[in-house]
Structures are given as structure tokens and as C-alpha cells.
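**Student:** run-v2.pdb is the file, holding PDB, C-alpha atoms (C1' of nucleotides):
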```
ATOM      1  CA  MET T  41      85.958  55.348 102.184
ATOM      2  CA  THR T  42      82.749  55.758 100.237
ATOM      3  CA  PHE T  43      81.504  59.056  98.966
ATOM      4  CA  LEU T  44      78.315  58.667 100.944
ATOM      5  CA  ALA T  45      80.224  57.999 104.145
ATOM      6  CA  ASP T  46      82.441  60.997 103.532
ATOM      7  CA  ALA T  47      79.441  63.180 102.912
ATOM      8  CA  GLN T  48      77.707  61.843 105.989
ATOM      9  CA  GLN T  49      80.761  62.672 108.033
ATOM     10  CA  ALA T  50      81.135  66.140 106.565
ATOM     11  CA  ILE T  51      77.533  66.991 107.246
ATOM     12  CA  LYS T  52      77.665  65.619 110.762
ATOM     13  CA  ASP T  53      80.894  67.469 111.482
ATOM     14  CA  ALA T  54      79.172  70.685 110.526
ATOM     15  CA  GLY T  55      76.382  69.958 112.991
ATOM     16  CA  GLY T  56      74.070  69.044 110.162
ATOM     17  CA  ARG T  57      71.481  66.325 109.666
ATOM     18  CA  MET T  58      71.329  63.587 107.084
ATOM     19  CA  THR T  59      67.885  64.083 105.650
ATOM     20  CA  GLU T  60      66.093  61.935 103.135
ATOM     21  CA  GLN T  61      66.694  64.527 100.424
ATOM     22  CA  ARG T  62      70.380  64.843 101.133
ATOM     23  CA  ARG T  63      70.846  61.101 101.190
ATOM     24  CA  LEU T  64      69.209  60.802  97.792
ATOM     25  CA  ILE T  65      71.291  63.585  96.310
ATOM     26  CA  VAL T  66      74.522  62.184  97.701
ATOM     27  CA  GLU T  67      73.678  58.680  96.500
ATOM     28  CA  LEU T  68      73.083  59.989  93.019
ATOM     29  CA  LEU T  69      76.383  61.826  93.100
ATOM     30  CA  ALA T  70      78.198  58.717  94.269
ATOM     31  CA  GLN T  71      77.169  57.004  91.041
ATOM     32  CA  THR T  72      78.134  59.966  88.917
ATOM     33  CA  THR T  73      81.149  59.828  86.648
ATOM     34  CA  GLU T  74      80.549  62.885  84.503
ATOM     35  CA  GLN T  75      80.318  66.494  85.371
ATOM     36  CA  PHE T  76      76.921  67.741  86.432
ATOM     37  CA  ASP T  77      74.996  70.870  87.262
ATOM     38  CA  ALA T  78      72.253  71.629  89.767
ATOM     39  CA  GLU T  79      69.464  71.416  87.237
ATOM     40  CA  ARG T  80      70.404  67.994  85.909
ATOM     41  CA  LEU T  81      70.872  66.665  89.405
ATOM     42  CA  TYR T  82      67.519  68.080  90.387
ATOM     43  CA  LEU T  83      65.739  66.412  87.494
ATOM     44  CA  THR T  84      67.376  63.078  88.247
ATOM     45  CA  ALA T  85      66.530  63.338  91.913
ATOM     46  CA  ARG T  86      62.937  64.112  91.075
ATOM     47  CA  GLU T  87      62.597  60.809  89.285
ATOM     48  CA  GLN T  88      63.219  59.004  92.553
ATOM     49  CA  ASN T  89      61.512  61.373  94.915
ATOM     50  CA  ASP T  90      59.349  64.215  93.759
ATOM     51  CA  GLY T  91      59.657  65.840  97.144
ATOM     52  CA  VAL T  92      63.063  67.248  96.367
ATOM     53  CA  SER T  93      63.179  70.920  95.547
ATOM     54  CA  LEU T  94      65.674  72.778  93.437
ATOM     55  CA  ALA T  95      66.528  74.946  96.419
ATOM     56  CA  THR T  96      67.538  71.879  98.392
ATOM     57  CA  VAL T  97      69.724  70.677  95.566
ATOM     58  CA  TYR T  98      71.505  74.020  95.496
ATOM     59  CA  ARG T  99      71.866  74.066  99.253
ATOM     60  CA  THR T 100      73.257  70.555  99.323
ATOM     61  CA  LEU T 101      75.715  71.226  96.533
ATOM     62  CA  ASN T 102      76.970  74.264  98.415
ATOM     63  CA  ILE T 103      77.569  72.181 101.518
ATOM     64  CA  LEU T 104      79.397  69.488  99.578
ATOM     65  CA  GLU T 105      81.522  72.077  97.819
ATOM     66  CA  ALA T 106      82.345  73.838 101.071
ATOM     67  CA  HIS T 107      83.542  70.520 102.466
ATOM     68  CA  GLY T 108      85.591  69.727  99.408
ATOM     69  CA  LEU T 109      83.583  66.716  98.288
ATOM     70  CA  ILE T 110      82.773  68.249  94.963
ATOM     71  CA  ALA T 111      84.491  71.026  93.081
ATOM     72  CA  PRO T 112      83.374  73.437  90.400
ATOM     73  CA  HIS T 113      84.520  72.499  86.943
ATOM     74  CA  TYR T 114      85.419  75.396  84.727
ATOM     75  CA  VAL T 115      86.739  73.795  81.623
ATOM     76  CA  SER T 116      83.491  74.291  79.823
ATOM     77  CA  ARG T 117      83.296  77.764  78.418
ATOM     78  CA  ASP T 118      79.616  77.839  79.215
ATOM     79  CA  HIS T 119      79.611  80.566  81.788
ATOM     80  CA  GLU T 120      75.911  80.363  82.393
ATOM     81  CA  ARG T 121      75.669  77.339  84.590
ATOM     82  CA  LYS T 122      77.934  76.115  87.326
ATOM     83  CA  TYR T 123      79.233  72.632  86.661
ATOM     84  CA  TYR T 124      80.683  70.331  89.279
ATOM     85  CA  GLU T 125      82.780  67.218  89.381
ATOM     86  CA  LEU T 126      83.552  64.855  92.222
ATOM     87  CA  SER T 127      86.708  65.731  94.098
ATOM     88  CA  ASN T 128      87.854  62.190  94.730
ATOM     89  CA  HIS T 129      89.193  61.904  91.222
ATOM     90  CA  ASP T 130      92.624  60.903  90.133
ATOM     91  CA  GLU T 131      94.689  63.579  88.527
ATOM     92  CA  TYR T 132      93.264  63.974  85.063
ATOM     93  CA  TYR T 133      92.970  66.511  82.301
ATOM     94  CA  HIS T 134      90.631  67.400  79.515
ATOM     95  CA  PHE T 135      90.455  68.950  76.136
ATOM     96  CA  THR T 136      87.363  70.690  74.913
ATOM     97  CA  CYS T 137      86.612  70.009  71.289
ATOM     98  CA  ARG T 138      86.000  73.210  69.363
ATOM     99  CA  ASN T 139      83.614  71.466  67.026
ATOM    100  CA  CYS T 140      81.391  69.280  69.149
ATOM    101  CA  ARG T 141      82.002  71.101  72.433
ATOM    102  CA  LYS T 142      82.567  67.780  74.111
ATOM    103  CA  VAL T 143      84.985  67.558  77.012
ATOM    104  CA  ILE T 144      87.585  64.898  76.315
ATOM    105  CA  PRO T 145      89.374  63.610  79.384
ATOM    106  CA  PHE T 146      92.817  62.085  79.097
ATOM    107  CA  ARG T 147      95.840  61.147  81.136
ATOM    108  CA  SER T 148      99.458  61.836  80.464
ATOM    109  CA  ASP T 149     102.412  61.538  82.739
ATOM    110  CA  ARG T 150     103.983  64.314  80.743
ATOM    111  CA  ILE T 151     101.890  66.691  82.752
ATOM    112  CA  GLN T 152     103.103  65.398  86.070
ATOM    113  CA  ALA T 153     106.579  66.038  84.717
ATOM    114  CA  LEU T 154     105.646  69.552  83.721
ATOM    115  CA  LYS T 155     104.237  70.196  87.143
ATOM    116  CA  ALA T 156     107.426  69.085  88.825
ATOM    117  CA  ALA T 157     109.529  71.121  86.429
ATOM    118  CA  LEU T 158     107.501  74.260  86.975
ATOM    119  CA  GLU T 159     107.709  73.924  90.722
ATOM    120  CA  GLN T 160     111.449  73.651  90.311
ATOM    121  CA  ASP T 161     111.668  76.573  87.906
ATOM    122  CA  LEU T 162     109.396  78.951  89.693
ATOM    123  CA  GLY T 163     109.931  77.979  93.287
ATOM    124  CA  ILE T 164     106.269  77.513  94.049
ATOM    125  CA  GLU T 165     104.026  74.645  95.002
ATOM    126  CA  VAL T 166     101.475  73.825  92.370
ATOM    127  CA  MET T 167      98.151  73.007  93.948
ATOM    128  CA  HIS T 168      95.893  73.838  91.094
ATOM    129  CA  ALA T 169      96.738  75.479  87.823
ATOM    130  CA  CYS T 170      95.144  76.272  84.538
ATOM    131  CA  VAL T 171      97.327  76.267  81.472
ATOM    132  CA  CYS T 172      95.989  77.808  78.293
ATOM    133  CA  PHE T 173      97.356  76.919  74.878
ATOM    134  CA  GLY T 174      96.815  78.748  71.669
ATOM    135  CA  ASP T 175      96.942  82.387  70.666
ATOM    136  CA  ASP T 176      93.578  82.494  68.980
ATOM    137  CA  SER T 177      90.508  83.172  70.986
ATOM    138  CA  PRO T 178      88.384  80.205  71.978
ATOM    139  CA  ALA T 179      84.999  79.770  70.369
TER     140      ALA T 179
ATOM    141  CA  MET P 918      98.529  96.748  64.220
ATOM    142  CA  THR P 919      96.943  98.543  67.135
ATOM    143  CA  PHE P 920      94.095  97.182  69.143
ATOM    144  CA  LEU P 921      91.993 100.197  68.289
ATOM    145  CA  ALA P 922      92.617  99.768  64.586
ATOM    146  CA  ASP P 923      91.766  96.090  64.798
ATOM    147  CA  ALA P 924      88.568  96.861  66.643
ATOM    148  CA  GLN P 925      87.692  99.574  64.173
ATOM    149  CA  GLN P 926      88.179  97.115  61.343
ATOM    150  CA  ALA P 927      86.164  94.383  63.034
ATOM    151  CA  ILE P 928      83.270  96.709  63.672
ATOM    152  CA  LYS P 929      83.348  98.097  60.177
ATOM    153  CA  ASP P 930      83.530  94.636  58.653
ATOM    154  CA  ALA P 931      80.377  93.729  60.516
ATOM    155  CA  GLY P 932      78.613  96.746  59.076
ATOM    156  CA  GLY P 933      78.866  98.566  62.362
ATOM    157  CA  ARG P 934      79.617 102.129  63.326
ATOM    158  CA  MET P 935      82.406 103.488  65.460
ATOM    159  CA  THR P 936      80.536 105.537  68.001
ATOM    160  CA  GLU P 937      81.920 107.771  70.676
ATOM    161  CA  GLN P 938      81.076 105.196  73.337
ATOM    162  CA  ARG P 939      82.704 102.340  71.492
ATOM    163  CA  ARG P 940      85.818 104.348  70.851
ATOM    164  CA  LEU P 941      86.136 105.148  74.523
ATOM    165  CA  ILE P 942      85.625 101.548  75.558
ATOM    166  CA  VAL P 943      88.108 100.255  73.014
ATOM    167  CA  GLU P 944      90.683 102.869  73.987
ATOM    168  CA  LEU P 945      90.377 101.853  77.608
ATOM    169  CA  LEU P 946      90.825  98.231  76.651
ATOM    170  CA  ALA P 947      93.888  99.031  74.588
ATOM    171  CA  GLN P 948      95.598 100.299  77.719
ATOM    172  CA  THR P 949      94.488  97.301  79.755
ATOM    173  CA  THR P 950      96.982  94.705  80.846
ATOM    174  CA  GLU P 951      94.944  92.859  83.444
ATOM    175  CA  GLN P 952      91.797  90.902  83.148
ATOM    176  CA  PHE P 953      88.594  92.884  83.413
ATOM    177  CA  ASP P 954      84.862  92.498  83.672
ATOM    178  CA  ALA P 955      81.969  94.537  82.344
ATOM    179  CA  GLU P 956      81.303  96.304  85.604
ATOM    180  CA  ARG P 957      84.859  97.521  86.116
ATOM    181  CA  LEU P 958      85.093  98.662  82.523
ATOM    182  CA  TYR P 959      81.806 100.469  82.888
ATOM    183  CA  LEU P 960      82.950 102.324  85.991
ATOM    184  CA  THR P 961      86.206 103.330  84.338
ATOM    185  CA  ALA P 962      84.421 104.499  81.213
ATOM    186  CA  ARG P 963      82.037 106.563  83.279
ATOM    187  CA  GLU P 964      84.916 108.556  84.655
ATOM    188  CA  GLN P 965      85.686 109.823  81.171
ATOM    189  CA  ASN P 966      82.190 110.072  79.816
ATOM    190  CA  ASP P 967      79.127 109.686  81.966
ATOM    191  CA  GLY P 968      77.045 109.065  78.903
ATOM    192  CA  VAL P 969      78.128 105.453  78.662
ATOM    193  CA  SER P 970      75.616 102.908  79.838
ATOM    194  CA  LEU P 971      76.247  99.463  81.211
ATOM    195  CA  ALA P 972      74.180  98.005  78.401
ATOM    196  CA  THR P 973      76.506  99.542  75.852
ATOM    197  CA  VAL P 974      79.525  98.119  77.636
ATOM    198  CA  TYR P 975      77.972  94.664  77.511
ATOM    199  CA  ARG P 976      77.022  95.042  73.883
ATOM    200  CA  THR P 977      80.479  96.239  72.939
ATOM    201  CA  LEU P 978      82.197  93.428  74.829
ATOM    202  CA  ASN P 979      80.008  90.922  73.025
ATOM    203  CA  ILE P 980      81.006  92.351  69.670
ATOM    204  CA  LEU P 981      84.704  92.316  70.535
ATOM    205  CA  GLU P 982      84.437  88.762  71.797
ATOM    206  CA  ALA P 983      82.580  87.641  68.691
ATOM    207  CA  HIS P 984      85.387  89.071  66.575
ATOM    208  CA  GLY P 985      88.071  87.450  68.666
ATOM    209  CA  LEU P 986      89.584  90.658  70.007
ATOM    210  CA  ILE P 987      88.938  89.697  73.580
ATOM    211  CA  ALA P 988      88.342  86.297  75.121
ATOM    212  CA  PRO P 989      86.665  85.132  78.299
ATOM    213  CA  HIS P 990      89.086  84.259  81.025
ATOM    214  CA  TYR P 991      88.086  81.395  83.222
ATOM    215  CA  VAL P 992      91.027  80.920  85.472
ATOM    216  CA  SER P 993      89.391  82.765  88.279
ATOM    217  CA  ARG P 994      87.093  80.462  90.138
ATOM    218  CA  ASP P 995      84.641  83.264  90.589
ATOM    219  CA  HIS P 996      81.812  81.942  88.535
ATOM    220  CA  GLU P 997      79.621  84.937  89.151
ATOM    221  CA  ARG P 998      81.089  87.413  86.772
ATOM    222  CA  LYS P 999      82.478  86.981  83.304
ATOM    223  CA  TYR P1000      86.089  88.087  83.047
ATOM    224  CA  TYR P1001      87.876  88.907  79.836
ATOM    225  CA  GLU P1002      91.409  89.317  78.658
ATOM    226  CA  LEU P1003      92.800  90.749  75.449
ATOM    227  CA  SER P1004      93.329  88.180  72.730
ATOM    228  CA  ASN P1005      96.426  89.734  71.233
ATOM    229  CA  HIS P1006      98.530  88.322  73.999
ATOM    230  CA  ASP P1007     101.582  86.230  73.662
ATOM    231  CA  GLU P1008     101.161  82.720  74.828
ATOM    232  CA  TYR P1009     101.166  82.967  78.581
ATOM    233  CA  TYR P1010      99.937  81.113  81.617
ATOM    234  CA  HIS P1011      98.868  81.852  85.125
ATOM    235  CA  PHE P1012      98.713  80.426  88.557
ATOM    236  CA  THR P1013      96.065  81.441  91.005
ATOM    237  CA  CYS P1014      97.387  81.851  94.522
ATOM    238  CA  ARG P1015      95.272  79.983  97.037
ATOM    239  CA  ASN P1016      96.037  82.497  99.724
ATOM    240  CA  CYS P1017      95.705  85.917  98.161
ATOM    241  CA  ARG P1018      93.574  84.822  95.187
ATOM    242  CA  LYS P1019      95.842  86.770  92.917
ATOM    243  CA  VAL P1020      96.387  85.556  89.391
ATOM    244  CA  ILE P1021     100.092  85.182  88.737
ATOM    245  CA  PRO P1022     101.049  85.180  85.073
ATOM    246  CA  PHE P1023     104.238  83.530  83.933
ATOM    247  CA  ARG P1024     105.991  82.211  80.856
ATOM    248  CA  SER P1025     107.700  78.920  80.362
ATOM    249  CA  ASP P1026     108.814  77.261  77.191
ATOM    250  CA  ARG P1027     108.272  73.973  78.941
ATOM    251  CA  ILE P1028     104.619  74.391  78.182
ATOM    252  CA  GLN P1029     105.171  74.817  74.482
ATOM    253  CA  ALA P1030     107.072  71.573  74.674
ATOM    254  CA  LEU P1031     104.223  69.896  76.482
ATOM    255  CA  LYS P1032     101.795  71.107  73.876
ATOM    256  CA  ALA P1033     103.860  69.666  71.073
ATOM    257  CA  ALA P1034     104.301  66.399  72.931
ATOM    258  CA  LEU P1035     100.602  66.032  73.614
ATOM    259  CA  GLU P1036      99.721  66.700  70.015
ATOM    260  CA  GLN P1037     102.183  63.987  69.093
ATOM    261  CA  ASP P1038     100.896  61.562  71.722
ATOM    262  CA  LEU P1039      97.218  62.069  71.200
ATOM    263  CA  GLY P1040      97.054  62.874  67.525
ATOM    264  CA  ILE P1041      95.091  66.054  67.971
ATOM    265  CA  GLU P1042      95.674  69.712  67.389
ATOM    266  CA  VAL P1043      95.720  71.738  70.562
ATOM    267  CA  MET P1044      93.977  75.041  70.080
ATOM    268  CA  HIS P1045      93.067  75.766  73.624
ATOM    269  CA  ALA P1046      93.426  73.542  76.624
ATOM    270  CA  CYS P1047      93.028  73.723  80.343
ATOM    271  CA  VAL P1048      95.275  71.551  82.453
ATOM    272  CA  CYS P1049      94.423  71.094  86.085
ATOM    273  CA  PHE P1050      97.020  70.088  88.635
ATOM    274  CA  GLY P1051      96.440  68.796  92.103
ATOM    275  CA  ASP P1052      94.131  66.186  93.554
ATOM    276  CA  ASP P1053      92.688  68.365  96.265
ATOM    277  CA  SER P1054      89.750  70.576  95.548
ATOM    278  CA  PRO P1055      90.422  74.206  94.839
ATOM    279  CA  ALA P1056      89.409  76.766  97.410
TER     280      ALA P1056
ATOM    281  C1'  DT U1194      58.177  60.547 123.228
ATOM    282  C1'  DT U1195      59.345  65.132 123.606
ATOM    283  C1'  DG U1196      61.586  69.232 122.384
ATOM    284  C1'  DC U1197      65.005  71.867 120.160
ATOM    285  C1'  DT U1198      66.551  73.385 115.924
ATOM    286  C1'  DA U1199      68.339  72.185 111.275
ATOM    287  C1'  DT U1200      66.059  71.516 106.972
ATOM    288  C1'  DT U1201      62.486  71.782 103.763
ATOM    289  C1'  DG U1202      59.463  73.730  99.829
ATOM    290  C1'  DC U1203      57.765  77.639  98.153
ATOM    291  C1'  DA U1204      57.887  82.075  96.367
ATOM    292  C1'  DA U1205      60.076  86.271  96.290
ATOM    293  C1'  DA U1206      64.597  88.366  95.956
ATOM    294  C1'  DT U1207      69.268  88.912  93.867
ATOM    295  C1'  DC U1208      72.822  89.337  90.623
ATOM    296  C1'  DG U1209      74.901  89.468  86.209
ATOM    297  C1'  DT U1210      73.556  89.914  81.615
ATOM    298  C1'  DT U1211      70.306  90.586  77.723
ATOM    299  C1'  DT U1212      66.653  92.836  75.214
ATOM    300  C1'  DG U1213      62.557  95.857  73.529
ATOM    301  C1'  DC U1214      61.733 100.392  72.423
ATOM    302  C1'  DA U1215      61.679 105.148  71.209
ATOM    303  C1'  DA U1216      65.109 108.672  70.607
ATOM    304  C1'  DT U1217      69.678 109.770  68.751
ATOM    305  C1'  DA U1218      73.570 109.918  65.842
ATOM    306  C1'  DA U1219      77.030 107.659  62.091
ATOM    307  C1'  DG U1220      78.191 108.120  57.821
ATOM    308  C1'  DC U1221      76.972 107.394  52.947
ATOM    309  C1'  DA U1222      74.863 109.761  48.956
ATOM    310  C1'  DT U1223      73.632 113.908  47.320
TER     311       DT U1223
ATOM    312  C1'  DA L 909      77.147 120.867  54.099
ATOM    313  C1'  DT L 910      72.367 118.375  54.154
ATOM    314  C1'  DG L 911      69.316 114.767  54.391
ATOM    315  C1'  DC L 912      68.251 109.979  54.929
ATOM    316  C1'  DT L 913      68.792 105.464  56.304
ATOM    317  C1'  DT L 914      69.542 102.532  59.874
ATOM    318  C1'  DA L 915      72.909 101.137  63.541
ATOM    319  C1'  DT L 916      73.412 102.455  68.263
ATOM    320  C1'  DT L 917      72.096 104.387  72.472
ATOM    321  C1'  DG L 918      70.057 104.719  77.386
ATOM    322  C1'  DC L 919      66.560 103.225  80.009
ATOM    323  C1'  DA L 920      63.892 100.003  82.207
ATOM    324  C1'  DA L 921      61.900  95.704  81.998
ATOM    325  C1'  DA L 922      62.994  90.813  81.140
ATOM    326  C1'  DC L 923      65.842  86.840  81.909
ATOM    327  C1'  DG L 924      68.070  82.696  83.854
ATOM    328  C1'  DA L 925      70.772  80.814  87.438
ATOM    329  C1'  DT L 926      71.236  80.885  92.223
ATOM    330  C1'  DT L 927      70.065  82.475  96.939
ATOM    331  C1'  DT L 928      67.156  83.548 100.746
ATOM    332  C1'  DG L 929      63.038  84.634 104.108
ATOM    333  C1'  DC L 930      59.569  82.246 106.185
ATOM    334  C1'  DA L 931      56.377  79.136 108.169
ATOM    335  C1'  DA L 932      55.853  74.220 108.305
ATOM    336  C1'  DT L 933      58.290  69.773 108.858
ATOM    337  C1'  DA L 934      61.311  66.357 110.391
ATOM    338  C1'  DG L 935      66.116  64.718 112.431
ATOM    339  C1'  DC L 936      67.856  63.219 116.397
ATOM    340  C1'  DA L 937      69.558  63.547 121.283
ATOM    341  C1'  DA L 938      67.688  63.087 125.829
TER     342       DA L 938
END
```
Translate this file's structure into C-alpha cells.

**Tutor:**
Amino acid sequence: MTFLADAQQAIKDAGGRMTEQRRLIVELLAQTTEQFDAERLYLTAREQNDGVSLATVYRTLNILEAHGLIAPHYVSRDHERKYYELSNHDEYYHFTCRNCRKVIPFRSDRIQALKAALEQDLGIEVMHACVCFGDDSPA
Amino acid sequence: MTFLADAQQAIKDAGGRMTEQRRLIVELLAQTTEQFDAERLYLTAREQNDGVSLATVYRTLNILEAHGLIAPHYVSRDHERKYYELSNHDEYYHFTCRNCRKVIPFRSDRIQALKAALEQDLGIEVMHACVCFGDDSPA
DNA sequence: TTGCTATTGCAAATCGTTTGCAATAAGCAT
DNA sequence: ATGCTTATTGCAAACGATTTGCAATAGCAA
């Protein structure tokens, strides 16, 4: 199930049309591994087709988000821009380095264990959670 | 060590002055247990003293954040506003309910254990981390 | 092809937050 | 207390990211 196919389906299901601009945007996203924002995506898209407007990028991102193909990424403490990541990711986690501000992804099955334990402890189903360490304020 | 005293100290250390407006804002914050944003704080402050402007609220929040007395709170997926929480909190965590959107705080020493284990595993010092559960996209 | 209507680019609008400026007030020195 | 220096204020304009109104364009089903 490719990202493009999924997107195509989502758009069609919503009674939408697969335009040239949307195809380009979705193709670019399909190749994306890192997080991205509207501006960066817009600039990249422009390189291939200068008939893509920023408004269209925003509109397309909103559609993809609404259909769960991409999701906002809030690890970065930059509250100015809205960053996205693809939704078809494996379960993964990230640290943000206080010095270089880089987002460092990692895996650890310890976290799966924590999740299970918390569900047990608290009697809830964890769908999405944010756990904050440290008692000092982030930079 | 009261919040007000800490704030007073922080402002003084920065060569600042404790004005009537700042005192009011800080006093309101000292009584705050939930997360807050500039707008809500502004409206509350207005009830006590209608000579407090939104600009002053923003400026005061920026000072308090710079001095580590409050910290931005990014659990909420509302990327429109900037939410804060007091920094002098114990280590605590929160779930966001997908249905009612409420932020549910909780404690669990399991997380302290996870933190220690990750530091061991990865050879880093955890100051602040965000751990995301679930492979489906958040609402 | 034709026709209906979703989509586009543009520019103007919005929303939260920041900033320039002239007036005011903290608080130190007297 | 009084005066002086300068940080702080309120206001309104500026800002940057995102959204939206509109007339023109282009999917796509018949």
C-alpha cells in the first residue's frame, strides 16, 4: 500500500480530484523521511513545478492530515511553524538535544513495556501520550 | 520559596522592576494549577485591574519563561496558541483524552525507571523528552 | 466533447504574538 | 519626601504563519 495510493484513495473518498499539484506534493511526501513544514514542502515543490502555490500546499496538507496520512509533530519546541511527519511510521521516539536542537529518533522496547504497564496501572488505553522528563524548564 | 518571591527575584536580577501589573499577573499564576495561555491570563487579570494590557501579559510571560519560572506546554495538539505551565512542578505526566480532549495528569514511578533505563541504554542525560505512543495518527 | 464543480493562484484577511513610541511610574540617590 | 533616570506601560501598527474569497482553470463523469 503506497503512500501515493493511500492519498489517492483518501482524496477520492472525499469526493476530491487528483490534480497535478496534489500529485506532485504527495509524491514528494512519499519520499520524505524527516519531518517537514509547509514552507519547505512548498519550496521543494516549486523546484519541480513553479505553478504550485503556497495556498495549495497548505490546503493539501490539511486534507492529508484530516485523513490521517500525515500528523503534526510537536516535539520541536518551535511553536511558530507547524511541522508534520508521515503517519505510516513504526512506533518510534525522539529526544531533542538541548544544545544543537536536533531531534534524535530512537527505538526502545522499554517504552512498549511502559505503555503496557501504564495501561494496566491506570485502566486506560494508550493511543497517544506525551511523557515529559526533567524538572527544569526546557530551553 | 514562593512563586511570587522567585519571580520577584528573577525580575530584579534582570534589572527589572516589579510593577503593579506584573505583581497581579504573577499572583494569578501562583494560584494556577492548570495550564494557561496569554489570552486567558489576560482576561482573568482584567477582572482585577482593567489597566492591564494584553501586550504586558505577553511581555511578562516572556520574562517568566526566559527565567525558567514557567515553561511552554506542548501536549495539547492545538498548535494555534501557546500554552504554559508552572515550572515548579513535581515530575508529572499527562494523557490527552481523544474523546473529551481533556489533559489528564498522572504520576507513575515507572516513568522514572524508564528514564534511568534509557539513560543507561543510550548513554545520554535525559533533561526533557517526549515519548509518543500509538501508531495511529492523533485526532 | 461537454458541462458541472472541485481546485487553483492570487491577494486580502485572520489570528496569535511582537514591537515602536510617547507617556507613565519604579525605585535609587539625594 | 523629591527629583531623576530609565524600565515599563498601553496603544496601535507590524509581523509571520495560515486561511479564505473570488474569478479563472482544469478534473472527470457522461

**Student:** Just checking: using only C-alpha atoms (C1' of nucleotides), which residue out of L:DA931, L:DA938, L:DT926, L:DG911 ends up closest to DG1202 in chain U?

**Tutor:** L:DA931

**Student:** What does the distance between CA of Val969 in chain P and C1' of DG918 in chain L come to in Å, to one decimal place?

**Tutor:**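 Distance between the two atoms: 8.2 Å.
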
**Student:** Taking the file as shown, what set of residues would the PyMOL selection byres ((chain U) within 9 of (chain P)) give back, as a list in words?

**Tutor:** DC1208, DG1209, DT1210, DT1211, DA1218, DA1219 and DG1220 of chain U

**Student:** Residues as selected, C-alpha atoms (C1' of nucleotides), written as a tab-separated table (two decimals), in the frame of the given file, can you do that?

**Tutor:**
```
chain	number	residue	atom	x	y	z
U	1208	DC	C1'	72.82	89.34	90.62
U	1209	DG	C1'	74.90	89.47	86.21
U	1210	DT	C1'	73.56	89.91	81.61
U	1211	DT	C1'	70.31	90.59	77.72
U	1218	DA	C1'	73.57	109.92	65.84
U	1219	DA	C1'	77.03	107.66	62.09
U	1220	DG	C1'	78.19	108.12	57.82
```

**Student:** Using all atoms listed in the file, which protein or nucleic acid residues come within 10 Å of range 75-77 of chain T? Drop anything in the same chain fewer than 3 positions from it, and give the result as a list in words.

**Tutor:**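 The residues satisfying every condition are Leu69, Thr72, Arg80, Leu81, Tyr82, Val97, Tyr98, Leu101, Ala111, Pro112, His113, Arg121, Lys122, Tyr123, Tyr124, Glu125, Leu126 and Val143 of chain T.
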
**Student:** From the set T:Glu165, T:Phe135, T:Pro145, T:Ile51, which residue has the shortest atom-to-atom contact distance to chain P, counting all atoms listed in the file?

**Tutor:**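 Under the stated criterion, the closest residue is T:Phe135.
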
**Student:** Please tabulate, as JSON lines, the residues of chain L that come within 12 Å of chain P, each with its closest pair of atoms and the distance in Å to one decimal, counting all atoms listed in the file and ordering rows by chain, then residue number upward.

**Tutor:**
```
{"residue": "L:DT914", "atom": "C1'", "partner": "P:Gly933", "partner_atom": "CA", "distance": 10.4}
{"residue": "L:DA915", "atom": "C1'", "partner": "P:Gly933", "partner_atom": "CA", "distance": 6.6}
{"residue": "L:DT916", "atom": "C1'", "partner": "P:Thr936", "partner_atom": "CA", "distance": 7.8}
{"residue": "L:DT917", "atom": "C1'", "partner": "P:Thr973", "partner_atom": "CA", "distance": 7.4}
{"residue": "L:DG918", "atom": "C1'", "partner": "P:Ser970", "partner_atom": "CA", "distance": 6.3}
{"residue": "L:DC919", "atom": "C1'", "partner": "P:Ser970", "partner_atom": "CA", "distance": 9.1}
{"residue": "L:DA920", "atom": "C1'", "partner": "P:Ala972", "partner_atom": "CA", "distance": 11.1}
{"residue": "L:DA925", "atom": "C1'", "partner": "P:Glu997", "partner_atom": "CA", "distance": 9.9}
{"residue": "L:DT926", "atom": "C1'", "partner": "P:Glu997", "partner_atom": "CA", "distance": 9.8}
```

**Student:** Got time to write the residues from that selection, C-alpha atoms (C1' of nucleotides), as a PDB file, in the frame of the given file?

**Tutor:**
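Below is the file that was written, part-v5.pdb:
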```pdb
ATOM      1  C1'  DT L 914      69.542 102.532  59.874  1.00  0.00           C
ATOM      2  C1'  DA L 915      72.909 101.137  63.541  1.00  0.00           C
ATOM      3  C1'  DT L 916      73.412 102.455  68.263  1.00  0.00           C
ATOM      4  C1'  DT L 917      72.096 104.387  72.472  1.00  0.00           C
ATOM      5  C1'  DG L 918      70.057 104.719  77.386  1.00  0.00           C
ATOM      6  C1'  DC L 919      66.560 103.225  80.009  1.00  0.00           C
ATOM      7  C1'  DA L 920      63.892 100.003  82.207  1.00  0.00           C
ATOM      8  C1'  DA L 925      70.772  80.814  87.438  1.00  0.00           C
ATOM      9  C1'  DT L 926      71.236  80.885  92.223  1.00  0.00           C
TER      10       DT L 926
END
```

**Student:** Using only C-alpha atoms (C1' of nucleotides), can you tell me which of U:DT1223, U:DT1207, U:DT1194, U:DT1212 comes closest to DC923 in chain L?

**Tutor:** U:DT1212

**Student:** Would you mind reading off the distance between CA of Leu158 in chain T and CA of Gly108 in chain T, one decimal, in Å?

**Tutor:**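 Calculated distance between CA of Leu158 in chain T and CA of Gly108 in chain T is 25.6 Å.
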
**Student:** Identify all residues satisfying the PyMOL selection byres ((chain L and resi 934) around 10) in the given file; provide them as a PDB file with C-alpha atoms (C1' of nucleotides), in the coordinates of the input.

**Tutor:**
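So the final result, stored in result.pdb, reads:
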```pdb
ATOM      1  CA  THR T  59      67.885  64.083 105.650  1.00  0.00           C
ATOM      2  CA  GLU T  60      66.093  61.935 103.135  1.00  0.00           C
TER       3      GLU T  60
ATOM      4  C1'  DA U1199      68.339  72.185 111.275  1.00  0.00           C
ATOM      5  C1'  DT U1200      66.059  71.516 106.972  1.00  0.00           C
ATOM      6  C1'  DT U1201      62.486  71.782 103.763  1.00  0.00           C
TER       7       DT U1201
ATOM      8  C1'  DA L 932      55.853  74.220 108.305  1.00  0.00           C
ATOM      9  C1'  DT L 933      58.290  69.773 108.858  1.00  0.00           C
ATOM     10  C1'  DG L 935      66.116  64.718 112.431  1.00  0.00           C
ATOM     11  C1'  DC L 936      67.856  63.219 116.397  1.00  0.00           C
TER      12       DC L 936
END
```

**Student:** Mind pulling up the distance from CA of Ala1033 in chain P to CA of Leu986 in chain P?

**Tutor:**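 We find that CA of Leu986 in chain P and CA of Ala1033 in chain P lie 25.4 Å from each other.
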
**Student:** I'd like to see the residues matched by the PyMOL selection byres ((chain T and resi 68) around 10) on this file, and ideally I'd get them as a PyMOL selection string.

**Tutor:** chain T and resi 44+62-67+69-72+81+84-85+88

**Student:** Between T:Asp46, T:Glu74, T:Gln160, T:Glu105, which residue has the minimum interatomic distance to chain P, considering all atoms listed in the file?

**Tutor:**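 That would be T:Glu105, the residue with the smallest distance to chain P.
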